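Asker: Just so it is clear, I am handing over upload-v4.tsv, which has TSV, N, CA and C atoms.
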chain	number	residue	atom	x	y	z
T	219	MET	N	-0.20	19.27	10.11
T	219	MET	CA	0.32	17.92	10.26
T	219	MET	C	1.69	18.01	10.94
T	220	ARG	N	1.93	17.10	11.84
T	220	ARG	CA	3.17	17.10	12.61
T	220	ARG	C	4.02	15.89	12.23
T	221	THR	N	5.29	16.12	11.95
T	221	THR	CA	6.22	15.04	11.65
T	221	THR	C	6.93	14.67	12.92
T	222	TRP	N	7.06	13.37	13.16
T	222	TRP	CA	7.67	12.90	14.40
T	222	TRP	C	8.84	11.99	14.07
T	223	VAL	N	10.05	12.46	14.31
T	223	VAL	CA	11.25	11.66	14.11
T	223	VAL	C	12.08	11.80	15.38
T	224	ASN	N	12.59	10.69	15.87
T	224	ASN	CA	13.36	10.69	17.10
T	224	ASN	C	14.83	10.92	16.86
T	225	LEU	N	15.47	11.60	17.83
T	225	LEU	CA	16.91	11.71	17.82
T	225	LEU	C	17.47	10.32	18.09
T	226	TYR	N	18.57	10.00	17.44
T	226	TYR	CA	19.19	8.69	17.57
T	226	TYR	C	19.48	8.35	19.03
T	227	ASN	N	19.09	7.14	19.44
T	227	ASN	CA	19.36	6.64	20.78
T	227	ASN	C	20.11	5.33	20.60
T	228	GLY	N	21.41	5.32	20.88
T	228	GLY	CA	22.26	4.16	20.64
T	228	GLY	C	21.82	2.91	21.38
T	229	THR	N	21.39	3.04	22.61
T	229	THR	CA	20.96	1.87	23.39
T	229	THR	C	19.72	1.24	22.78
T	230	ALA	N	18.73	2.06	22.46
T	230	ALA	CA	17.51	1.54	21.85
T	230	ALA	C	17.79	0.96	20.47
T	231	PHE	N	18.67	1.63	19.71
T	231	PHE	CA	19.00	1.14	18.37
T	231	PHE	C	19.67	-0.23	18.46
T	232	ASP	N	20.64	-0.39	19.37
T	232	ASP	CA	21.33	-1.67	19.52
T	232	ASP	C	20.35	-2.78	19.90
T	233	ALA	N	19.40	-2.48	20.78
T	233	ALA	CA	18.40	-3.48	21.16
T	233	ALA	C	17.56	-3.89	19.95
T	234	TRP	N	17.23	-2.92	19.11
T	234	TRP	CA	16.46	-3.22	17.90
T	234	TRP	C	17.30	-4.04	16.92
T	235	VAL	N	18.58	-3.67	16.73
T	235	VAL	CA	19.47	-4.42	15.85
T	235	VAL	C	19.54	-5.87	16.29
T	236	ASP	N	19.64	-6.08	17.60
T	236	ASP	CA	19.78	-7.43	18.14
T	236	ASP	C	18.57	-8.32	17.88
T	237	THR	N	17.43	-7.73	17.52
T	237	THR	CA	16.26	-8.55	17.17
T	237	THR	C	16.45	-9.19	15.79
T	238	GLY	N	17.29	-8.59	14.94
T	238	GLY	CA	17.53	-9.12	13.61
T	238	GLY	C	16.33	-9.06	12.69
T	239	LYS	N	15.45	-8.12	12.93
T	239	LYS	CA	14.20	-8.06	12.16
T	239	LYS	C	14.04	-6.80	11.32
T	240	ALA	N	15.13	-6.16	10.99
T	240	ALA	CA	15.03	-4.95	10.17
T	240	ALA	C	14.58	-5.34	8.76
T	241	PRO	N	13.49	-4.77	8.29
T	241	PRO	CA	13.03	-5.11	6.94
T	241	PRO	C	13.79	-4.33	5.88
T	242	ALA	N	13.77	-4.84	4.68
T	242	ALA	CA	14.34	-4.11	3.55
T	242	ALA	C	13.29	-3.13	3.04
T	243	PHE	N	13.72	-1.94	2.67
T	243	PHE	CA	12.81	-1.05	1.95
T	243	PHE	C	12.70	-1.63	0.55
T	244	PRO	N	11.49	-1.91	0.06
T	244	PRO	CA	11.34	-2.59	-1.24
T	244	PRO	C	12.12	-1.97	-2.38
T	245	GLU	N	12.10	-0.66	-2.51
T	245	GLU	CA	12.81	-0.01	-3.63
T	245	GLU	C	14.32	-0.11	-3.47
T	246	SER	N	14.80	-0.09	-2.23
T	246	SER	CA	16.25	-0.25	-1.99
T	246	SER	C	16.71	-1.65	-2.38
T	247	LEU	N	15.91	-2.64	-2.02
T	247	LEU	CA	16.25	-4.02	-2.38
T	247	LEU	C	16.20	-4.21	-3.90
T	248	LYS	N	15.23	-3.59	-4.53
T	248	LYS	CA	15.14	-3.66	-5.99
T	248	LYS	C	16.38	-3.04	-6.63
T	249	LEU	N	16.81	-1.89	-6.14
T	249	LEU	CA	18.01	-1.23	-6.65
T	249	LEU	C	19.23	-2.11	-6.40
T	250	TYR	N	19.34	-2.67	-5.23
T	250	TYR	CA	20.46	-3.55	-4.87
T	250	TYR	C	20.57	-4.70	-5.88
T	251	ASN	N	19.47	-5.37	-6.13
T	251	ASN	CA	19.48	-6.49	-7.08
T	251	ASN	C	19.79	-6.04	-8.50
T	252	LYS	N	19.32	-4.87	-8.89
T	252	LYS	CA	19.64	-4.33	-10.22
T	252	LYS	C	21.14	-4.05	-10.33
T	253	LEU	N	21.72	-3.46	-9.30
T	253	LEU	CA	23.15	-3.18	-9.30
T	253	LEU	C	23.96	-4.47	-9.42
T	254	LEU	N	23.57	-5.49	-8.68
T	254	LEU	CA	24.26	-6.78	-8.79
T	254	LEU	C	24.16	-7.34	-10.20
T	255	SER	N	22.97	-7.23	-10.80
T	255	SER	CA	22.77	-7.77	-12.14
T	255	SER	C	23.61	-7.04	-13.18
T	256	LEU	N	23.96	-5.78	-12.89
T	256	LEU	CA	24.79	-4.99	-13.79
T	256	LEU	C	26.28	-5.18	-13.53
T	257	GLY	N	26.60	-6.00	-12.53
T	257	GLY	CA	28.00	-6.30	-12.25
T	257	GLY	C	28.67	-5.42	-11.21
T	258	PHE	N	27.91	-4.57	-10.55
T	258	PHE	CA	28.50	-3.75	-9.49
T	258	PHE	C	28.82	-4.62	-8.28
T	259	LYS	N	29.86	-4.25	-7.56
T	259	LYS	CA	30.23	-4.88	-6.31
T	259	LYS	C	29.71	-3.98	-5.20
T	260	VAL	N	28.87	-4.52	-4.35
T	260	VAL	CA	28.26	-3.72	-3.29
T	260	VAL	C	29.03	-3.91	-1.98
T	261	VAL	N	29.31	-2.79	-1.35
T	261	VAL	CA	29.98	-2.78	-0.05
T	261	VAL	C	29.08	-2.04	0.92
T	262	PHE	N	28.79	-2.67	2.04
T	262	PHE	CA	28.03	-2.03	3.11
T	262	PHE	C	29.02	-1.48	4.13
T	263	VAL	N	28.92	-0.18	4.42
T	263	VAL	CA	29.71	0.44	5.48
T	263	VAL	C	28.69	0.94	6.50
T	264	THR	N	28.70	0.34	7.67
T	264	THR	CA	27.70	0.66	8.67
T	264	THR	C	28.33	1.06	9.99
T	265	GLY	N	27.62	1.89	10.72
T	265	GLY	CA	28.06	2.29	12.04
T	265	GLY	C	27.77	1.25	13.10
T	266	ARG	N	27.21	0.13	12.70
T	266	ARG	CA	26.98	-0.95	13.67
T	266	ARG	C	28.32	-1.49	14.16
T	267	ALA	N	28.35	-1.92	15.40
T	267	ALA	CA	29.58	-2.43	16.01
T	267	ALA	C	29.92	-3.82	15.48
T	268	GLU	N	31.21	-4.09	15.41
T	268	GLU	CA	31.72	-5.38	14.93
T	268	GLU	C	31.10	-6.56	15.68
T	269	ASN	N	30.81	-6.39	16.95
T	269	ASN	CA	30.22	-7.50	17.72
T	269	ASN	C	28.78	-7.82	17.29
T	270	ARG	N	28.25	-7.04	16.37
T	270	ARG	CA	26.92	-7.31	15.81
T	270	ARG	C	27.00	-7.80	14.37
T	271	ARG	N	28.17	-8.25	13.96
T	271	ARG	CA	28.36	-8.73	12.59
T	271	ARG	C	27.42	-9.88	12.24
T	272	GLU	N	27.37	-10.89	13.07
T	272	GLU	CA	26.59	-12.09	12.74
T	272	GLU	C	25.09	-11.78	12.66
T	273	ILE	N	24.56	-11.03	13.61
T	273	ILE	CA	23.13	-10.70	13.55
T	273	ILE	C	22.85	-9.79	12.36
T	274	THR	N	23.79	-8.91	12.03
T	274	THR	CA	23.62	-8.03	10.86
T	274	THR	C	23.64	-8.85	9.57
T	275	ARG	N	24.58	-9.78	9.48
T	275	ARG	CA	24.68	-10.65	8.30
T	275	ARG	C	23.40	-11.46	8.12
T	276	LYS	N	22.93	-12.07	9.20
T	276	LYS	CA	21.69	-12.87	9.14
T	276	LYS	C	20.50	-12.00	8.76
T	277	ASN	N	20.42	-10.80	9.33
T	277	ASN	CA	19.32	-9.90	9.02
T	277	ASN	C	19.34	-9.48	7.56
T	278	LEU	N	20.53	-9.15	7.04
T	278	LEU	CA	20.63	-8.79	5.62
T	278	LEU	C	20.16	-9.93	4.73
T	279	HIS	N	20.60	-11.14	5.03
T	279	HIS	CA	20.17	-12.30	4.24
T	279	HIS	C	18.65	-12.49	4.31
T	280	ALA	N	18.11	-12.42	5.52
T	280	ALA	CA	16.67	-12.61	5.70
T	280	ALA	C	15.86	-11.54	4.96
T	281	ALA	N	16.42	-10.34	4.86
T	281	ALA	CA	15.73	-9.24	4.18
T	281	ALA	C	15.91	-9.29	2.66
T	282	GLY	N	16.78	-10.22	2.18
T	282	GLY	CA	16.94	-10.38	0.74
T	282	GLY	C	18.26	-9.88	0.18
T	283	TYR	N	19.11	-9.34	1.02
T	283	TYR	CA	20.42	-8.85	0.57
T	283	TYR	C	21.43	-9.99	0.65
T	284	LYS	N	21.90	-10.39	-0.51
T	284	LYS	CA	22.85	-11.50	-0.59
T	284	LYS	C	23.94	-11.11	-1.58
T	285	ASN	N	25.07	-11.76	-1.49
T	285	ASN	CA	26.15	-11.61	-2.48
T	285	ASN	C	26.85	-10.25	-2.48
T	286	TRP	N	26.92	-9.60	-1.35
T	286	TRP	CA	27.68	-8.36	-1.29
T	286	TRP	C	29.17	-8.68	-1.24
T	287	LYS	N	29.98	-7.69	-1.55
T	287	LYS	CA	31.43	-7.86	-1.58
T	287	LYS	C	32.04	-7.75	-0.19
T	288	LYS	N	31.62	-6.73	0.56
T	288	LYS	CA	32.15	-6.51	1.91
T	288	LYS	C	31.07	-5.96	2.82
T	289	LEU	N	31.21	-6.29	4.09
T	289	LEU	CA	30.38	-5.73	5.15
T	289	LEU	C	31.34	-5.15	6.18
T	290	ILE	N	31.41	-3.82	6.24
T	290	ILE	CA	32.35	-3.13	7.11
T	290	ILE	C	31.61	-2.54	8.29
T	291	LEU	N	32.01	-2.97	9.49
T	291	LEU	CA	31.41	-2.51	10.74
T	291	LEU	C	32.46	-1.81	11.58
T	292	LYS	N	32.01	-1.13	12.64
T	292	LYS	CA	32.92	-0.40	13.52
T	292	LYS	C	33.66	-1.35	14.45
T	293	GLU	N	34.96	-1.24	14.42
T	293	GLU	CA	35.82	-1.96	15.37
T	293	GLU	C	35.83	-1.16	16.68
T	294	PRO	N	36.21	-1.80	17.79
T	294	PRO	CA	36.31	-1.04	19.05
T	294	PRO	C	37.19	0.21	18.92
T	295	SER	N	38.24	0.14	18.11
T	295	SER	CA	39.12	1.31	17.93
T	295	SER	C	38.43	2.46	17.19
T	296	ASP	N	37.28	2.20	16.59
T	296	ASP	CA	36.52	3.23	15.87
T	296	ASP	C	35.42	3.85	16.73
T	297	SER	N	35.26	3.38	17.96
T	297	SER	CA	34.09	3.74	18.75
T	297	SER	C	33.95	5.23	19.04
T	298	LYS	N	35.03	5.96	19.09
T	298	LYS	CA	34.96	7.40	19.40
T	298	LYS	C	34.84	8.26	18.14
T	299	LYS	N	34.91	7.64	16.98
T	299	LYS	CA	34.85	8.39	15.73
T	299	LYS	C	33.41	8.75	15.38
T	300	THR	N	33.25	9.93	14.81
T	300	THR	CA	31.93	10.30	14.30
T	300	THR	C	31.61	9.43	13.09
T	301	ALA	N	30.36	9.40	12.71
T	301	ALA	CA	29.96	8.62	11.53
T	301	ALA	C	30.68	9.14	10.29
T	302	VAL	N	30.79	10.46	10.15
T	302	VAL	CA	31.46	11.03	8.97
T	302	VAL	C	32.92	10.60	8.94
T	303	MET	N	33.59	10.68	10.06
T	303	MET	CA	35.01	10.31	10.13
T	303	MET	C	35.20	8.82	9.84
T	304	PHE	N	34.42	7.99	10.51
T	304	PHE	CA	34.53	6.54	10.32
T	304	PHE	C	34.28	6.14	8.88
T	305	LYS	N	33.18	6.62	8.31
T	305	LYS	CA	32.82	6.22	6.95
T	305	LYS	C	33.77	6.80	5.91
T	306	SER	N	34.26	8.01	6.14
T	306	SER	CA	35.26	8.58	5.24
T	306	SER	C	36.53	7.74	5.23
T	307	GLU	N	36.99	7.33	6.41
T	307	GLU	CA	38.19	6.50	6.50
T	307	GLU	C	38.01	5.17	5.79
T	308	LYS	N	36.86	4.56	5.97
T	308	LYS	CA	36.62	3.25	5.34
T	308	LYS	C	36.50	3.39	3.83
T	309	ARG	N	35.85	4.45	3.36
T	309	ARG	CA	35.76	4.66	1.92
T	309	ARG	C	37.14	4.94	1.33
T	310	ALA	N	37.95	5.73	2.03
T	310	ALA	CA	39.31	6.03	1.55
T	310	ALA	C	40.12	4.74	1.45
T	311	LYS	N	39.95	3.86	2.40
T	311	LYS	CA	40.66	2.57	2.38
T	311	LYS	C	40.21	1.74	1.18
T	312	LEU	N	38.92	1.74	0.90
T	312	LEU	CA	38.40	1.02	-0.27
T	312	LEU	C	39.01	1.57	-1.56
T	313	VAL	N	39.06	2.89	-1.67
T	313	VAL	CA	39.65	3.52	-2.86
T	313	VAL	C	41.12	3.13	-2.99
T	314	LYS	N	41.82	3.14	-1.88
T	314	LYS	CA	43.24	2.76	-1.87
T	314	LYS	C	43.43	1.31	-2.32
T	315	GLN	N	42.41	0.47	-2.05
T	315	GLN	CA	42.45	-0.94	-2.46
T	315	GLN	C	42.07	-1.13	-3.92
T	316	GLY	N	41.72	-0.04	-4.60
T	316	GLY	CA	41.40	-0.12	-6.02
T	316	GLY	C	39.92	-0.04	-6.37
T	317	TYR	N	39.07	0.11	-5.38
T	317	TYR	CA	37.64	0.26	-5.67
T	317	TYR	C	37.37	1.66	-6.19
T	318	ARG	N	36.38	1.78	-7.08
T	318	ARG	CA	35.88	3.07	-7.53
T	318	ARG	C	34.46	3.19	-6.99
T	319	ILE	N	34.22	4.17	-6.19
T	319	ILE	CA	32.90	4.34	-5.59
T	319	ILE	C	32.03	5.10	-6.58
T	320	GLN	N	31.11	4.38	-7.18
T	320	GLN	CA	30.22	4.98	-8.18
T	320	GLN	C	29.01	5.64	-7.53
T	321	GLY	N	28.50	5.03	-6.49
T	321	GLY	CA	27.33	5.57	-5.82
T	321	GLY	C	27.43	5.33	-4.32
T	322	ASN	N	26.83	6.23	-3.59
T	322	ASN	CA	26.83	6.15	-2.14
T	322	ASN	C	25.40	6.40	-1.69
T	323	ILE	N	24.83	5.46	-0.96
T	323	ILE	CA	23.44	5.55	-0.53
T	323	ILE	C	23.40	5.50	0.99
T	324	GLY	N	22.63	6.40	1.59
T	324	GLY	CA	22.50	6.39	3.03
T	324	GLY	C	21.23	7.05	3.50
T	325	ASP	N	20.83	6.69	4.71
T	325	ASP	CA	19.61	7.27	5.28
T	325	ASP	C	19.90	8.43	6.23
T	326	GLN	N	21.18	8.73	6.43
T	326	GLN	CA	21.60	9.85	7.26
T	326	GLN	C	22.57	10.70	6.45
T	327	TRP	N	22.56	12.00	6.67
T	327	TRP	CA	23.49	12.86	5.94
T	327	TRP	C	24.93	12.49	6.28
T	328	SER	N	25.16	11.99	7.49
T	328	SER	CA	26.51	11.60	7.87
T	328	SER	C	27.02	10.43	7.03
T	329	ASP	N	26.14	9.70	6.38
T	329	ASP	CA	26.55	8.61	5.47
T	329	ASP	C	27.14	9.16	4.18
T	330	LEU	N	26.78	10.38	3.84
T	330	LEU	CA	27.06	10.93	2.52
T	330	LEU	C	28.05	12.09	2.52
T	331	LEU	N	28.52	12.45	3.69
T	331	LEU	CA	29.46	13.57	3.81
T	331	LEU	C	30.87	13.06	4.03
T	332	GLY	N	31.85	13.95	3.91
T	332	GLY	CA	33.24	13.58	4.15
T	332	GLY	C	33.98	13.37	2.85
T	333	THR	N	34.90	12.44	2.86
T	333	THR	CA	35.76	12.21	1.69
T	333	THR	C	35.38	10.92	0.99
T	334	ASP	N	35.83	10.82	-0.27
T	334	ASP	CA	35.61	9.62	-1.09
T	334	ASP	C	34.14	9.20	-1.09
T	335	ILE	N	33.28	10.17	-1.33
T	335	ILE	CA	31.84	9.92	-1.28
T	335	ILE	C	31.28	9.27	-2.53
T	336	GLY	N	32.08	9.18	-3.59
T	336	GLY	CA	31.62	8.55	-4.81
T	336	GLY	C	31.15	9.55	-5.85
T	337	SER	N	30.86	9.02	-7.02
T	337	SER	CA	30.43	9.86	-8.15
T	337	SER	C	29.04	10.43	-7.92
T	338	ARG	N	28.18	9.65	-7.28
T	338	ARG	CA	26.80	10.07	-7.02
T	338	ARG	C	26.46	9.70	-5.59
T	339	LYS	N	25.60	10.48	-4.97
T	339	LYS	CA	25.13	10.12	-3.63
T	339	LYS	C	23.62	10.27	-3.57
T	340	PHE	N	23.01	9.41	-2.78
T	340	PHE	CA	21.56	9.33	-2.71
T	340	PHE	C	21.13	9.27	-1.25
T	341	LYS	N	20.33	10.23	-0.81
T	341	LYS	CA	19.84	10.29	0.56
T	341	LYS	C	18.47	9.64	0.61
T	342	LEU	N	18.36	8.57	1.39
T	342	LEU	CA	17.08	7.91	1.59
T	342	LEU	C	16.39	8.51	2.80
T	343	PRO	N	15.06	8.55	2.79
T	343	PRO	CA	14.37	9.04	3.97
T	343	PRO	C	14.45	8.01	5.09
T	344	ASP	N	14.49	8.47	6.31
T	344	ASP	CA	14.46	7.60	7.48
T	344	ASP	C	13.37	8.14	8.41
T	345	PRO	N	12.24	7.49	8.46
T	345	PRO	CA	11.14	7.98	9.27
T	345	PRO	C	11.29	7.66	10.77
T	346	ILE	N	12.33	6.92	11.15
T	346	ILE	CA	12.47	6.47	12.52
T	346	ILE	C	13.36	7.38	13.37
T	347	TYR	N	14.55	7.71	12.87
T	347	TYR	CA	15.48	8.52	13.67
T	347	TYR	C	16.40	9.32	12.75
T	348	TYR	N	17.09	10.27	13.35
T	348	TYR	CA	18.14	11.00	12.63
T	348	TYR	C	19.34	11.18	13.54
T	349	ILE	N	20.49	11.29	12.93
T	349	ILE	CA	21.72	11.54	13.66
T	349	ILE	C	22.07	13.01	13.47
T	350	ALA	N	22.08	13.74	14.57
T	350	ALA	CA	22.35	15.18	14.50
T	350	ALA	C	23.83	15.45	14.36
Could you render the structure from this file as structure tokens?

Answerer:
Amino acid sequence: MRTWVNLYNGTAFDAWVDTGKAPAFPESLKLYNKLLSLGFKVVFVTGRAENRREITRKNLHAAGYKNWKKLILKEPSDSKKTAVMFKSEKRAKLVKQGYRIQGNIGDQWSDLLGTDIGSRKFKLPDPIYYIA
């Protein structure tokens, strides 16, 4: 049996993001709602560009994700940063603001590496692409 996963292609990914049709993984959405019911504040830190905030917000709502605390996207000044660098900086800023990162969930290892990764981290499978 052969596994087929594509290397990340930013142009193709952005075109897909712009459709606003990314579905929720059922178990992820279930966990998200459970965390909210337990009083956790959810923060999304994504490598998506700031100019895609509105389509990302609409897509999250359509997929069932509502009531998050923050949605952090890449500013133009972050464009040259690696995912690990960008996400580490944003997590460090959250900690400095008084947040305690209890869990960190991501579909790429770059989501879970670096600093201020939280008490627990969870790697989700991504059958579509990987970031090398």

Asker: List as a VMD selection string the residues having at least one atom at most 6.5 Å from position (30.7, 6.9, -8.8) as given in the file, counting only N, CA and C atoms.

Answerer: chain T and resid 318 to 321 336 to 338

Asker: Extract the full set of strand (DSSP E) residues from range 238-321 of chain T according to DSSP on the backbone, and format it as number ranges by chain.

Answerer: T: 261-267, 288-292, 321

Asker: Using only N, CA and C atoms, find each residue in range 279-341 of chain T having at least one atom no more than 8 Å away from range 241-253 of chain T; report its shortest atom-to-atom pair and that distance in Å (one decimal), rows by chain then rising number, as a Markdown table.

Answerer:
| residue | atom | partner | partner_atom | distance |
| --- | --- | --- | --- | --- |
| T:Ala280 | C | T:Ala242 | N | 7.0 |
| T:Ala281 | CA | T:Ala242 | N | 4.8 |
| T:Gly282 | N | T:Ala242 | N | 6.7 |
| T:Tyr283 | N | T:Leu247 | CA | 6.9 |
| T:Lys284 | N | T:Asn251 | N | 7.9 |

Asker: Which distance in Å separates CA of Met303 in chain T and CA of Leu342 in chain T, to one decimal?

Answerer: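 Result for CA of Met303 in chain T versus CA of Leu342 in chain T: 20.0 Å, one decimal.
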
Asker: Which is closest to Gly332 in chain T among T:Lys314, T:Lys308, T:Lys298, T:Lys276, if we use only C-alpha atoms?

Answerer: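 Once distances to Gly332 in chain T are computed over only C-alpha atoms, the minimum belongs to T:Lys308.
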
Asker: Name the closest residue to Tyr226 in chain T among the candidates T:Val313, T:Ile290, T:Val260, T:Ile346; distances are taken between atoms, counting only C-alpha atoms.

Answerer: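 Selected residue with least distance to Tyr226 in chain T: T:Ile346.
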
Asker: DSSP says helix (DSSP H, G or I) for which residues of chain T? Put them as a PyMOL selection string?

Answerer: chain T and resi 228-235+244-255+268-281+294-296+301-314+327-329

Asker: What's the separation between atom C of Thr237 in chain T and atom C of Ser306 in chain T, in Å to one decimal place?

Answerer: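 So the two atoms, atom C of Thr237 in chain T and atom C of Ser306 in chain T, lie 28.3 Å apart.
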
Asker: Can you tell me how far CA of Lys311 in chain T sits from CA of Arg271 in chain T, in Å to one decimal?

Answerer: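 Calculated distance between CA of Lys311 in chain T and CA of Arg271 in chain T is 19.6 Å.
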
Asker: Is it possible to get the residues within 12 Å of (17.2, -0.7, 15.9) (coordinates as in the file, counting only C-alpha atoms) written as a list of chain:residue names?

Answerer: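 Output of the proximity query reads T:Tyr226, T:Asn227, T:Gly228, T:Thr229, T:Ala230, T:Phe231, T:Asp232, T:Ala233, T:Trp234, T:Val235, T:Asp236, T:Thr237, T:Gly238, T:Lys239, T:Ala240, T:Pro241, T:Gly265, T:Arg266, T:Arg270, T:Ile273, T:Thr274, T:Asn277, T:Ile346, T:Tyr347.
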
Asker: Write out as a ChimeraX atom specification which residues come within 6.5 Å of Asp329 in chain T when counting all atoms listed in the file, dropping same-chain ones fewer than 3 positions away.

Answerer: /T:301-302,323-326

Asker: Quick one: residues within 7 Å of Leu289 in chain T, all atoms listed in the file counted, chain neighbours fewer than 4 positions away excluded, as a list of chain:residue names?

Answerer: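 Contacts, with the query itself left out: T:Val260, T:Val261, T:Phe262, T:Val263, T:Thr264.
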
Asker: Select, from T:Lys287, T:Pro294, T:Tyr317, T:Arg309, the residue with the minimum atom-to-atom distance to Glu268 in chain T, counting all atoms listed in the file.

Answerer: T:Pro294
